[in-house]
>>> print(open('target19.cif').read())   # mmCIF, C-alpha atoms
data_protein
#
loop_
_atom_site.label_atom_id
_atom_site.label_comp_id
_atom_site.auth_asym_id
_atom_site.auth_seq_id
_atom_site.Cartn_x
_atom_site.Cartn_y
_atom_site.Cartn_z
CA MET T 1 252.59 -51.24 221.99
CA ARG T 2 251.57 -47.81 223.07
CA PHE T 3 249.87 -45.46 220.70
CA PRO T 4 250.22 -41.72 220.98
CA ILE T 5 247.34 -40.13 222.81
CA PRO T 6 245.43 -37.85 220.43
CA VAL T 7 245.81 -34.21 221.26
CA LYS T 8 242.61 -32.22 221.07
CA SER T 9 242.91 -29.19 218.87
CA THR T 10 241.66 -26.07 220.60
CA ASN T 11 241.41 -24.21 217.30
CA PHE T 12 239.38 -26.85 215.46
CA PRO T 13 236.23 -24.70 215.30
CA ALA T 14 238.31 -21.82 214.01
CA ILE T 15 239.78 -24.01 211.25
CA ILE T 16 236.29 -25.15 210.22
CA SER T 17 235.11 -21.54 210.27
CA ILE T 18 237.98 -20.40 208.05
CA HIS T 19 237.33 -23.23 205.58
CA MET T 20 233.63 -22.45 205.55
CA LYS T 21 234.33 -18.79 204.95
CA LYS T 22 236.68 -19.67 202.10
CA GLY T 23 234.02 -21.96 200.61
CA ILE T 24 231.34 -19.31 200.90
CA PHE T 25 233.66 -16.71 199.36
CA ILE T 26 234.47 -18.99 196.41
CA TRP T 27 230.77 -19.78 195.96
CA LEU T 28 229.85 -16.09 196.02
CA LEU T 29 232.68 -15.28 193.62
CA ALA T 30 231.49 -18.00 191.24
CA GLY T 31 227.95 -16.65 191.49
CA ILE T 32 229.08 -13.11 190.73
CA SER T 33 231.19 -14.32 187.81
CA TYR T 34 228.25 -16.29 186.42
CA ALA T 35 225.91 -13.33 186.80
CA THR T 36 228.41 -11.07 185.05
CA PHE T 37 228.87 -13.59 182.26
CA ALA T 38 225.11 -14.08 181.92
CA GLN T 39 224.64 -10.33 181.51
CA SER T 40 227.47 -9.85 179.01
CA PRO T 41 226.54 -8.37 175.60
CA VAL T 42 225.13 -10.88 173.13
CA HIS T 43 226.61 -10.86 169.63
CA CYS T 44 224.69 -11.84 166.51
CA VAL T 45 224.98 -11.49 162.76
CA ILE T 46 222.10 -10.62 160.42
CA LYS T 47 222.70 -12.19 157.01
CA THR T 48 220.88 -10.53 154.11
CA ASN T 49 221.04 -10.66 150.33
CA LEU T 50 222.73 -7.22 150.37
CA GLY T 51 225.36 -8.13 152.93
CA ASN T 52 225.74 -8.91 156.61
CA ILE T 53 225.23 -6.77 159.71
CA ALA T 54 226.95 -7.50 163.03
CA ILE T 55 224.97 -6.50 166.12
CA GLU T 56 225.54 -6.35 169.86
CA LEU T 57 222.66 -6.66 172.36
CA TYR T 58 222.53 -5.50 175.99
CA PRO T 59 220.65 -7.91 178.31
CA ALA T 60 221.94 -6.11 181.41
CA LYS T 61 220.08 -2.96 180.39
CA ALA T 62 217.11 -4.32 178.43
CA PRO T 63 216.67 -7.92 179.67
CA ALA T 64 213.09 -8.53 178.52
CA THR T 65 213.62 -7.02 175.09
CA VAL T 66 216.85 -8.92 174.43
CA ALA T 67 215.31 -12.17 175.70
CA ASN T 68 212.36 -11.68 173.34
CA PHE T 69 214.60 -11.01 170.33
CA MET T 70 216.78 -14.02 171.14
CA ARG T 71 213.73 -16.30 171.36
CA TYR T 72 213.10 -15.55 167.69
CA VAL T 73 216.80 -15.96 166.88
CA ASP T 74 217.20 -19.29 168.69
CA LYS T 75 214.01 -20.70 167.14
CA ASN T 76 215.24 -19.60 163.66
CA LEU T 77 212.03 -17.64 163.21
CA TYR T 78 213.76 -14.70 161.51
CA ASN T 79 215.11 -16.97 158.80
CA GLY T 80 213.32 -16.06 155.57
CA SER T 81 211.88 -12.79 156.88
CA SER T 82 212.97 -9.44 155.44
CA PHE T 83 213.72 -5.76 155.78
CA PHE T 84 210.56 -4.41 154.21
CA ARG T 85 210.19 -0.76 155.25
CA VAL T 86 212.51 2.25 155.07
CA CYS T 87 212.15 5.80 156.35
CA THR T 88 214.19 8.28 154.33
CA PRO T 89 214.40 12.08 154.07
CA ALA T 90 212.43 11.85 150.81
CA ASN T 91 209.54 9.68 151.99
CA GLU T 92 209.37 11.45 155.37
CA ALA T 93 209.28 14.93 153.82
CA THR T 94 205.65 15.56 154.71
CA ARG T 95 205.89 14.20 158.25
CA LYS T 96 206.13 16.70 161.08
CA ILE T 97 208.43 14.40 163.07
CA LYS T 98 210.93 12.88 160.65
CA ILE T 99 213.04 9.78 161.24
CA GLN T 100 215.47 7.56 159.32
CA VAL T 101 215.28 3.81 159.98
CA ILE T 102 215.04 0.44 158.26
CA GLN T 103 212.47 -2.01 159.61
CA GLY T 104 212.49 -5.80 159.41
CA GLY T 105 211.71 -9.07 161.15
CA ASN T 106 208.23 -9.68 159.75
CA VAL T 107 207.64 -13.31 160.72
CA PRO T 108 204.31 -15.00 159.81
CA ASP T 109 201.49 -14.32 162.28
CA LYS T 110 201.23 -18.00 163.24
CA GLN T 111 204.90 -17.92 164.35
CA ALA T 112 204.67 -14.68 166.31
CA LEU T 113 205.29 -15.04 170.04
CA ASP T 114 203.52 -13.15 172.81
CA SER T 115 204.02 -9.40 172.86
CA ILE T 116 206.27 -7.92 175.54
CA LYS T 117 206.13 -5.04 177.98
CA ILE T 118 208.03 -2.02 176.72
CA GLU T 119 211.38 -1.22 178.33
CA THR T 120 211.60 2.49 177.65
CA THR T 121 214.81 4.43 177.07
CA LYS T 122 214.07 6.17 180.38
CA GLN T 123 214.37 2.78 182.09
CA THR T 124 217.33 1.39 180.16
CA GLY T 125 219.39 4.46 179.29
CA LEU T 126 219.81 3.09 175.75
CA LEU T 127 219.07 5.96 173.39
CA HIS T 128 218.28 5.92 169.69
CA LYS T 129 221.67 6.77 168.22
CA ASN T 130 223.16 5.96 164.83
CA GLY T 131 223.07 2.15 164.49
CA THR T 132 220.73 1.51 167.44
CA LEU T 133 218.47 -1.57 167.28
CA SER T 134 214.99 -1.10 168.68
CA MET T 135 211.61 -2.84 168.67
CA ALA T 136 208.83 -1.70 166.35
CA ARG T 137 205.40 -1.36 167.93
CA SER T 138 201.99 0.25 167.60
CA GLY T 139 200.42 0.64 171.05
CA PRO T 140 202.23 0.22 174.38
CA ASN T 141 203.42 -3.31 175.14
CA SER T 142 202.63 -4.53 171.62
CA ALA T 143 206.11 -5.39 170.28
CA THR T 144 206.59 -8.93 168.99
CA SER T 145 209.14 -9.74 166.26
CA GLU T 146 209.63 -6.61 164.17
CA PHE T 147 212.63 -4.39 164.85
CA PHE T 148 214.34 -1.42 163.27
CA ILE T 149 217.83 0.06 162.93
CA CYS T 150 218.45 3.79 163.20
CA ILE T 151 220.34 5.78 160.59
CA ASN T 152 221.81 8.81 162.39
CA ASP T 153 220.62 9.85 165.86
CA GLN T 154 216.84 9.70 166.31
CA PRO T 155 215.88 11.38 169.63
CA ALA T 156 212.21 11.51 168.55
CA LEU T 157 212.12 7.75 169.19
CA ASP T 158 213.30 8.04 172.82
CA TYR T 159 211.02 8.26 175.85
CA GLY T 160 209.23 11.58 175.66
CA GLY T 161 209.86 11.80 171.92
CA ALA T 162 207.05 12.91 169.64
CA ARG T 163 207.14 10.20 166.97
CA ASN T 164 204.74 7.95 168.86
CA PRO T 165 201.73 9.85 170.25
CA ASP T 166 201.82 8.07 173.62
CA GLY T 167 205.24 9.56 174.37
CA LYS T 168 206.76 6.30 175.60
CA GLY T 169 209.08 6.02 172.63
CA PHE T 170 210.51 2.66 171.57
CA ALA T 171 212.55 -0.06 173.26
CA ALA T 172 216.21 0.19 172.23
CA PHE T 173 218.19 -2.95 173.04
CA GLY T 174 221.37 -3.08 170.96
CA ARG T 175 223.50 -1.53 168.24
CA VAL T 176 225.22 -2.30 164.96
CA THR T 177 228.94 -2.95 165.46
CA LYS T 178 229.77 -3.58 161.80
CA GLY T 179 227.79 -3.26 158.59
CA MET T 180 226.24 0.22 158.69
CA ASP T 181 227.13 0.43 155.01
CA VAL T 182 224.71 -2.47 154.45
CA VAL T 183 222.06 -0.68 156.55
CA ARG T 184 222.40 2.42 154.37
CA LYS T 185 222.30 0.28 151.22
CA ILE T 186 219.01 -1.21 152.39
CA GLN T 187 217.65 2.27 153.14
CA ALA T 188 218.54 3.35 149.60
CA GLN T 189 216.42 0.66 147.91
CA LYS T 190 213.39 1.75 145.91
CA ASP T 191 210.23 2.15 147.96
CA THR T 192 206.57 3.03 147.56
CA SER T 193 205.07 4.85 150.55
CA GLN T 194 208.00 3.60 152.66
CA TYR T 195 207.52 -0.08 151.74
CA LEU T 196 210.30 -1.59 149.65
CA VAL T 197 209.31 -2.62 146.15
CA THR T 198 211.63 -5.60 146.58
CA PRO T 199 212.10 -6.45 150.28
CA VAL T 200 215.64 -7.28 151.34
CA LYS T 201 215.80 -10.94 152.37
CA ILE T 202 216.99 -11.87 155.84
CA TYR T 203 218.56 -15.27 155.34
CA SER T 204 219.20 -15.72 159.04
CA ILE T 205 219.98 -14.05 162.35
CA SER T 206 222.28 -16.15 164.51
CA ARG T 207 224.42 -15.96 167.61
CA VAL T 208 228.11 -15.31 167.18
CA ASN T 209 230.77 -16.77 169.44
CA LYS T 210 232.64 -13.75 170.79
CA SER T 211 235.95 -15.53 170.23
CA LYS T 212 235.16 -15.89 166.53
CA SER T 213 236.17 -12.90 164.45
CA VAL T 214 233.21 -10.91 163.14
CA ASP T 215 235.35 -9.96 160.15
CA VAL T 216 235.51 -13.63 159.15
CA ILE T 217 231.73 -13.99 159.48
CA LEU T 218 230.99 -10.87 157.45
CA ILE T 219 232.91 -12.06 154.40
CA HIS T 220 231.05 -15.40 154.20
#
>>> encode(input="target19.cif", output="structure tokens")
Amino acid sequence: MRFPIPVKSTNFPAIISIHMKKGIFIWLLAGISYATFAQSPVHCVIKTNLGNIAIELYPAKAPATVANFMRYVDKNLYNGSSFFRVCTPANEATRKIKIQVIQGGNVPDKQALDSIKIETTKQTGLLHKNGTLSMARSGPNSATSEFFICINDQPALDYGGARNPDGKGFAAFGRVTKGMDVVRKIQAQKDTSQYLVTPVKIYSISRVNKSKSVDVILIH
């Protein structure tokens, strides 16, 4: 019995090359898709005794700041903390540079993680607008757990703003997407020298699956 003589393919290298190119293209596409997904906004909900606040964070613009905040979230370190300070037109009346914010996230010192380098608004392009989330700090690169939420636009908190004497401003990293009425309710609580007489409890801050309706979460 005679077997057919194999015919050598003259375009074999070309076929391999095409397949390799296709494989590389698919691999690159997968890598780009993963990178895009990894940098997508992160959604969380802050549950308090006065209501819930939905927030959106921007790791593509403020990666270190978002990563720091999410370390506290994922370790449940914000659970049981509070919103404890408010800046209002009344209690800021004597300040030259006035702001309106609520401040929270006061975890115990023994649970505080290492401070982070400031990502300024000049670097990120995230300005202090109505509903912006930003990190509280004293000196440069001193932010740990505490954060604040702006009520109305607060340009004095941006890079070059005069609220902090060093001029670096504060590190904005997200915004409120739902629940500004709760933010304003917190701001309206009774205070003494900007510190709430009765701090507003933060029951938890947790990640939210984007596919899950925020409306459903907010009514629970």
>>> residues_around(input="target19.cif", residues="segment 59-76 of chain T", least_positions_apart="5", cutoff="7 Å", atoms="only C-alpha atoms", output="NGL selection string")
:T and (39 or 41 or 119 or 124 or 145 or 173 or 205-206)
>>> atom_distance(input="target19.cif", atom1="atom CA of Lys117 of chain T", atom2="atom CA of Pro155 of chain T")
20.8 Å
>>> atom_distance(input="target19.cif", atom1="atom CA of Asn106 of chain T", atom2="atom CA of Leu133 of chain T")
15.1 Å
>>> atom_distance(input="target19.cif", atom1="atom CA of Ile97 of chain T", atom2="atom CA of Leu157 of chain T")
9.8 Å
>>> resolve_selection(input="target19.cif", expression="the PyMOL selection byres ((chain T and resi 177) around 8)", output="VMD selection string")
chain T and resid 53 to 56 131 175 to 176 178 to 180
>>> closest_residue(input="target19.cif", among="T:Phe83, T:Arg207, T:Lys185, T:Thr144", to="Ser115 of chain T", atoms="all atoms listed in the file")
T:Thr144
>>> residues_around(input="target19.cif", residues="segment 189-202 of chain T", least_positions_apart="5", cutoff="10 Å", atoms="all atoms listed in the file", output="MDAnalysis selection string")
chainID T and resid 46:52 78:88 90:92 102:106 184
>>> resolve_selection(input="target19.cif", expression="the PyMOL selection byres ((chain T and resi 140) around 9)", output="number ranges by chain")
T: 117-118, 137-139, 141-143, 166, 168
>>> closest_residue(input="target19.cif", among="T:Pro108, T:Pro89, T:Gly160, T:Gly167", to="Leu77 of chain T", atoms="only C-alpha atoms")
T:Pro108
>>> resolve_selection(input="target19.cif", expression="the PyMOL selection byres ((chain T and resi 127) around 8)", output="compact mmCIF listing (two decimals) with C-alpha atoms, in the coordinates of the input")
# COMPACT_ATOMS: atom_id res chain seq x y z
CA THR T 121 214.81 4.43 177.07
CA GLY T 125 219.39 4.46 179.29
CA LEU T 126 219.81 3.09 175.75
CA HIS T 128 218.28 5.92 169.69
CA LYS T 129 221.67 6.77 168.22
CA THR T 132 220.73 1.51 167.44
CA PRO T 155 215.88 11.38 169.63
CA ASP T 158 213.30 8.04 172.82
CA ALA T 172 216.21 0.19 172.23
>>> closest_residue(input="target19.cif", among="T:Ala93, T:Val182, T:Cys44, T:Ala136", to="Tyr58 of chain T", atoms="all atoms listed in the file")
T:Cys44
